[in-house]
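Heads up, work38.pdb below (PDB, C-alpha atoms):
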ATOM      1  CA  MET A   1     -62.754 -81.708 -94.288
ATOM      2  CA  ASN A   2     -64.502 -80.210 -97.292
ATOM      3  CA  THR A   3     -65.664 -76.604 -97.478
ATOM      4  CA  PRO A   4     -69.443 -77.187 -97.216
ATOM      5  CA  LYS A   5     -68.881 -79.273 -94.093
ATOM      6  CA  LYS A   6     -66.666 -76.532 -92.606
ATOM      7  CA  LEU A   7     -69.379 -73.950 -93.323
ATOM      8  CA  ILE A   8     -72.078 -76.069 -91.699
ATOM      9  CA  LEU A   9     -69.898 -76.832 -88.685
ATOM     10  CA  SER A  10     -68.989 -73.149 -88.353
ATOM     11  CA  GLY A  11     -72.657 -72.194 -88.490
ATOM     12  CA  ILE A  12     -73.419 -74.643 -85.701
ATOM     13  CA  PHE A  13     -70.501 -73.356 -83.636
ATOM     14  CA  ALA A  14     -71.610 -69.752 -84.279
ATOM     15  CA  ALA A  15     -75.128 -70.542 -83.083
ATOM     16  CA  PHE A  16     -73.816 -72.198 -79.915
ATOM     17  CA  ALA A  17     -71.374 -69.325 -79.328
ATOM     18  CA  LEU A  18     -74.178 -66.793 -79.692
ATOM     19  CA  VAL A  19     -76.398 -68.647 -77.223
ATOM     20  CA  ALA A  20     -73.504 -69.003 -74.745
ATOM     21  CA  PHE A  21     -72.696 -65.282 -75.114
ATOM     22  CA  MET A  22     -76.298 -64.295 -74.407
ATOM     23  CA  LEU A  23     -76.598 -66.671 -71.445
ATOM     24  CA  GLU A  24     -73.391 -65.385 -69.893
ATOM     25  CA  ASN A  25     -74.682 -61.828 -70.217
ATOM     26  CA  LEU A  26     -77.634 -62.737 -67.973
ATOM     27  CA  PHE A  27     -75.280 -63.041 -65.003
ATOM     28  CA  PRO A  28     -73.382 -60.278 -63.223
ATOM     29  CA  PRO A  29     -69.667 -59.829 -63.967
ATOM     30  CA  LEU A  30     -67.137 -61.815 -61.960
ATOM     31  CA  PHE A  31     -65.349 -60.021 -59.159
ATOM     32  CA  ILE A  32     -65.041 -56.720 -61.091
ATOM     33  CA  ALA A  33     -67.048 -54.762 -63.667
ATOM     34  CA  GLY A  34     -66.417 -56.200 -67.118
ATOM     35  CA  GLY A  35     -65.011 -59.476 -65.815
ATOM     36  CA  ARG A  36     -66.463 -62.494 -67.611
ATOM     37  CA  ILE A  37     -65.277 -66.048 -68.203
ATOM     38  CA  GLY A  38     -66.065 -65.916 -71.926
ATOM     39  CA  ILE A  39     -67.634 -69.353 -72.264
ATOM     40  CA  ALA A  40     -68.653 -68.570 -75.868
ATOM     41  CA  ASN A  41     -64.966 -68.492 -76.773
ATOM     42  CA  PHE A  42     -64.984 -72.276 -76.395
ATOM     43  CA  PHE A  43     -66.846 -72.501 -79.712
ATOM     44  CA  VAL A  44     -64.616 -69.904 -81.367
ATOM     45  CA  LEU A  45     -61.402 -71.710 -80.434
ATOM     46  CA  LEU A  46     -62.830 -75.136 -81.252
ATOM     47  CA  ALA A  47     -63.978 -73.905 -84.682
ATOM     48  CA  GLY A  48     -60.512 -72.486 -85.367
ATOM     49  CA  ILE A  49     -58.845 -75.769 -84.469
ATOM     50  CA  VAL A  50     -61.180 -78.173 -86.272
ATOM     51  CA  ALA A  51     -62.243 -76.101 -89.312
ATOM     52  CA  GLY A  52     -59.428 -73.580 -89.708
ATOM     53  CA  PHE A  53     -58.448 -70.041 -88.801
ATOM     54  CA  TRP A  54     -60.952 -68.147 -90.957
ATOM     55  CA  TYR A  55     -63.890 -70.304 -89.906
ATOM     56  CA  GLY A  56     -63.115 -69.625 -86.256
ATOM     57  CA  PHE A  57     -62.770 -65.940 -87.100
ATOM     58  CA  ALA A  58     -66.237 -66.032 -88.674
ATOM     59  CA  VAL A  59     -67.658 -67.629 -85.505
ATOM     60  CA  LEU A  60     -65.983 -64.895 -83.444
ATOM     61  CA  THR A  61     -67.437 -62.163 -85.652
ATOM     62  CA  VAL A  62     -70.965 -63.580 -85.487
ATOM     63  CA  LYS A  63     -70.698 -63.916 -81.710
ATOM     64  CA  ALA A  64     -69.377 -60.394 -81.173
ATOM     65  CA  VAL A  65     -71.636 -58.550 -83.609
ATOM     66  CA  LEU A  66     -74.931 -60.398 -83.259
ATOM     67  CA  GLY A  67     -74.433 -61.011 -79.546
ATOM     68  CA  SER A  68     -73.902 -57.320 -78.883
ATOM     69  CA  LEU A  69     -76.887 -56.332 -81.016
ATOM     70  CA  ILE A  70     -79.235 -58.964 -79.565
ATOM     71  CA  THR A  71     -78.325 -58.144 -75.966
ATOM     72  CA  GLY A  72     -78.995 -54.475 -76.693
ATOM     73  CA  ASN A  73     -75.428 -53.309 -76.210
ATOM     74  CA  ALA A  74     -74.318 -52.310 -79.709
ATOM     75  CA  THR A  75     -71.383 -50.322 -78.351
ATOM     76  CA  ALA A  76     -69.926 -53.590 -77.010
ATOM     77  CA  ILE A  77     -68.941 -54.354 -80.607
ATOM     78  CA  LEU A  78     -66.320 -51.612 -80.272
ATOM     79  CA  TYR A  79     -64.723 -53.478 -77.376
ATOM     80  CA  SER A  80     -65.354 -57.135 -78.083
ATOM     81  CA  LEU A  81     -64.576 -57.379 -81.784
ATOM     82  CA  PRO A  82     -61.066 -55.859 -81.838
ATOM     83  CA  ALA A  83     -60.097 -57.503 -78.549
ATOM     84  CA  GLY A  84     -61.509 -60.844 -79.642
ATOM     85  CA  ALA A  85     -59.872 -60.653 -83.070
ATOM     86  CA  ILE A  86     -56.430 -59.922 -81.651
ATOM     87  CA  ALA A  87     -56.732 -62.498 -78.855
ATOM     88  CA  TYR A  88     -58.024 -65.182 -81.241
ATOM     89  CA  THR A  89     -55.265 -64.477 -83.760
ATOM     90  CA  VAL A  90     -52.584 -64.762 -81.076
ATOM     91  CA  GLN A  91     -54.095 -68.010 -79.781
ATOM     92  CA  MET A  92     -54.195 -69.571 -83.224
ATOM     93  CA  LEU A  93     -50.657 -68.421 -84.054
ATOM     94  CA  LEU A  94     -49.424 -69.997 -80.828
ATOM     95  CA  ILE A  95     -51.248 -73.259 -81.572
ATOM     96  CA  LEU A  96     -50.187 -73.397 -85.223
ATOM     97  CA  TYR A  97     -46.564 -72.269 -84.956
ATOM     98  CA  LEU A  98     -45.548 -73.415 -81.492
ATOM     99  CA  PRO A  99     -46.673 -77.049 -81.460
ATOM    100  CA  LYS A 100     -45.299 -77.658 -77.973
ATOM    101  CA  ILE A 101     -47.603 -75.033 -76.442
ATOM    102  CA  SER A 102     -50.804 -76.448 -75.029
ATOM    103  CA  VAL A 103     -54.281 -75.354 -76.022
ATOM    104  CA  ILE A 104     -54.750 -74.300 -72.404
ATOM    105  CA  ALA A 105     -51.696 -72.011 -72.424
ATOM    106  CA  ALA A 106     -52.786 -70.472 -75.727
ATOM    107  CA  SER A 107     -56.289 -69.921 -74.360
ATOM    108  CA  VAL A 108     -54.991 -68.341 -71.136
ATOM    109  CA  THR A 109     -52.862 -65.997 -73.260
ATOM    110  CA  GLY A 110     -55.910 -65.146 -75.350
ATOM    111  CA  GLY A 111     -58.023 -64.492 -72.258
ATOM    112  CA  VAL A 112     -55.465 -62.086 -70.804
ATOM    113  CA  ILE A 113     -55.053 -60.279 -74.128
ATOM    114  CA  ASN A 114     -58.808 -60.039 -74.663
ATOM    115  CA  ALA A 115     -59.513 -58.593 -71.217
ATOM    116  CA  SER A 116     -56.599 -56.158 -71.417
ATOM    117  CA  ILE A 117     -57.495 -54.847 -74.869
ATOM    118  CA  GLN A 118     -61.171 -54.464 -73.989
ATOM    119  CA  ASN A 119     -60.212 -52.368 -70.971
ATOM    120  CA  PHE A 120     -57.760 -50.314 -73.002
ATOM    121  CA  VAL A 121     -60.358 -49.634 -75.721
ATOM    122  CA  PHE A 122     -62.867 -48.659 -73.037
ATOM    123  CA  CYS A 123     -60.373 -46.173 -71.599
ATOM    124  CA  LEU A 124     -59.841 -44.647 -75.044
ATOM    125  CA  ILE A 125     -63.510 -44.401 -75.967
ATOM    126  CA  ALA A 126     -64.743 -43.233 -72.569
ATOM    127  CA  LYS A 127     -61.735 -40.923 -72.176
ATOM    128  CA  THR A 128     -61.140 -42.323 -68.712
ATOM    129  CA  PRO A 129     -57.458 -43.257 -68.548
ATOM    130  CA  GLU A 130     -57.698 -43.782 -64.798
ATOM    131  CA  TYR A 131     -59.544 -47.069 -65.442
ATOM    132  CA  ILE A 132     -56.354 -48.534 -66.882
ATOM    133  CA  VAL A 133     -55.609 -49.631 -63.300
ATOM    134  CA  TYR A 134     -58.224 -52.380 -63.760
ATOM    135  CA  ILE A 135     -56.143 -54.179 -66.390
ATOM    136  CA  PRO A 136     -54.295 -56.444 -63.910
ATOM    137  CA  TYR A 137     -57.569 -57.491 -62.272
ATOM    138  CA  LEU A 138     -59.326 -58.068 -65.576
ATOM    139  CA  ALA A 139     -56.262 -59.941 -66.845
ATOM    140  CA  LEU A 140     -56.598 -62.338 -63.893
ATOM    141  CA  VAL A 141     -60.255 -62.927 -64.735
ATOM    142  CA  GLY A 142     -59.217 -63.367 -68.390
ATOM    143  CA  ALA A 143     -56.588 -65.904 -67.369
ATOM    144  CA  LEU A 144     -59.178 -67.821 -65.341
ATOM    145  CA  GLY A 145     -61.597 -67.734 -68.265
ATOM    146  CA  GLY A 146     -58.866 -68.769 -70.682
ATOM    147  CA  PHE A 147     -57.951 -71.685 -68.436
ATOM    148  CA  ILE A 148     -61.563 -72.870 -68.260
ATOM    149  CA  VAL A 149     -62.127 -72.465 -72.016
ATOM    150  CA  GLY A 150     -58.789 -74.040 -72.941
ATOM    151  CA  THR A 151     -59.384 -76.980 -70.630
ATOM    152  CA  ALA A 152     -62.864 -77.516 -72.080
ATOM    153  CA  VAL A 153     -61.485 -77.419 -75.643
ATOM    154  CA  LEU A 154     -58.673 -79.832 -74.750
ATOM    155  CA  ILE A 155     -61.097 -82.277 -73.104
ATOM    156  CA  THR A 156     -63.425 -82.021 -76.103
ATOM    157  CA  LEU A 157     -60.592 -82.741 -78.531
ATOM    158  CA  LYS A 158     -59.564 -85.776 -76.478
ATOM    159  CA  LEU A 159     -63.113 -87.113 -76.190
ATOM    160  CA  VAL A 160     -64.146 -86.203 -79.744
ATOM    161  CA  PRO A 161     -61.074 -86.688 -81.953
ATOM    162  CA  LEU A 162     -60.505 -84.562 -85.049
ATOM    163  CA  LYS A 163     -61.344 -87.558 -87.228
ATOM    164  CA  PHE A 164     -64.957 -87.223 -85.998
ATOM    165  CA  PHE A 165     -65.146 -83.768 -87.549
ATOM    166  CA  ASN A 166     -63.597 -85.109 -90.757
ATOM    167  CA  SER A 167     -65.898 -88.121 -91.059
ATOM    168  CA  ASN A 168     -68.978 -88.323 -93.264
ATOM    169  CA  LEU A 169     -71.730 -87.753 -90.743
TER     170      LEU A 169
END
Now, as a test, write the supplied structure out as structure tokens.
Amino acid sequence: MNTPKKLILSGIFAAFALVAFMLENLFPPLFIAGGRIGIANFFVLLAGIVAGFWYGFAVLTVKAVLGSLITGNATAILYSLPAGAIAYTVQMLLILYLPKISVIAASVTGGVINASIQNFVFCLIAKTPEYIVYIPYLALVGALGGFIVGTAVLITLKLVPLKFFNSNL
């Protein structure tokens, strides 16, 4: 796939990720404060797989920064960007360097890492170390979200093969 096509595709994925992020923020957290499925991560992971690591990273950055600013929660950038960056990097490393690992397993790993790091960063910034006890609960929600996102990406890749993204549309 050529670079202009990757840029266009990444822009489309970023727009969808931003809309999904904002829509998910309209609903209350799952089970516990801060617990979200992370549906927007579908577009981040898909962009990383079909366009490449840095394009997916750009989608993640747009989602985290603009999503936090648009929803009126600028401080969320402090939690979502580092957690998302680390989780996304781990997912992509697993997919790229451990070919036998499934997209679902990589996504579940990313979901757990994301939720855990966000909680840890919150504890540091808010100076409330007692909230570290929420990590196991948030990790379960992250695993559920990672499973849903990973399954959706896997189904998409099976229904829309990579050659579709490489074709001249």
Take the PyMOL selection byres ((chain A and resi 84) around 9), run it mentally on this structure, and tell me the resulting residues as a PDB file with C-alpha atoms, in the coordinates of the input.
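Dumped to out.pdb:
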ATOM      1  CA  ASN A  41     -64.966 -68.492 -76.773  1.00  0.00           C
ATOM      2  CA  LEU A  60     -65.983 -64.895 -83.444  1.00  0.00           C
ATOM      3  CA  THR A  61     -67.437 -62.163 -85.652  1.00  0.00           C
ATOM      4  CA  ALA A  64     -69.377 -60.394 -81.173  1.00  0.00           C
ATOM      5  CA  TYR A  79     -64.723 -53.478 -77.376  1.00  0.00           C
ATOM      6  CA  SER A  80     -65.354 -57.135 -78.083  1.00  0.00           C
ATOM      7  CA  LEU A  81     -64.576 -57.379 -81.784  1.00  0.00           C
ATOM      8  CA  PRO A  82     -61.066 -55.859 -81.838  1.00  0.00           C
ATOM      9  CA  ALA A  83     -60.097 -57.503 -78.549  1.00  0.00           C
ATOM     10  CA  ALA A  85     -59.872 -60.653 -83.070  1.00  0.00           C
ATOM     11  CA  ILE A  86     -56.430 -59.922 -81.651  1.00  0.00           C
ATOM     12  CA  ALA A  87     -56.732 -62.498 -78.855  1.00  0.00           C
ATOM     13  CA  TYR A  88     -58.024 -65.182 -81.241  1.00  0.00           C
ATOM     14  CA  THR A  89     -55.265 -64.477 -83.760  1.00  0.00           C
ATOM     15  CA  GLY A 110     -55.910 -65.146 -75.350  1.00  0.00           C
ATOM     16  CA  GLY A 111     -58.023 -64.492 -72.258  1.00  0.00           C
ATOM     17  CA  ILE A 113     -55.053 -60.279 -74.128  1.00  0.00           C
ATOM     18  CA  ASN A 114     -58.808 -60.039 -74.663  1.00  0.00           C
ATOM     19  CA  ALA A 115     -59.513 -58.593 -71.217  1.00  0.00           C
ATOM     20  CA  ILE A 117     -57.495 -54.847 -74.869  1.00  0.00           C
ATOM     21  CA  GLN A 118     -61.171 -54.464 -73.989  1.00  0.00           C
TER      22      GLN A 118
END
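The smallest atom-to-atom distance between Phe43 (chain A) and any of A:Gly72, A:Gly56, A:Gly67, A:Gly146, using all atoms listed in the file, is found for A:Gly56.
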Worksheet item: For this file, the PyMOL selection byres ((chain A and resi 53) around 10) selects which residues, as a PyMOL selection string?
Response: chain A and resi 44-45+47-52+54-58+88-89+92-93+96
Worksheet item: So which residues get picked by the PyMOL selection byres ((chain A and resi 9-15) around 7) here, written as a count of residues only?
Response: 14
Fill in: Distance of CA of Met22 (chain A) from CA of Thr151 (chain A), expressed in Å to one decimal place
21.5 Å
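Candidate residues A:Leu26, A:Leu78, A:Val90, A:Leu69 were compared for distance to Phe122 (chain A), and the nearest is A:Leu78, using all atoms listed in the file.
The spacing separating CA of Leu124 (chain A) from CA of Thr109 (chain A) amounts to 22.5 Å.
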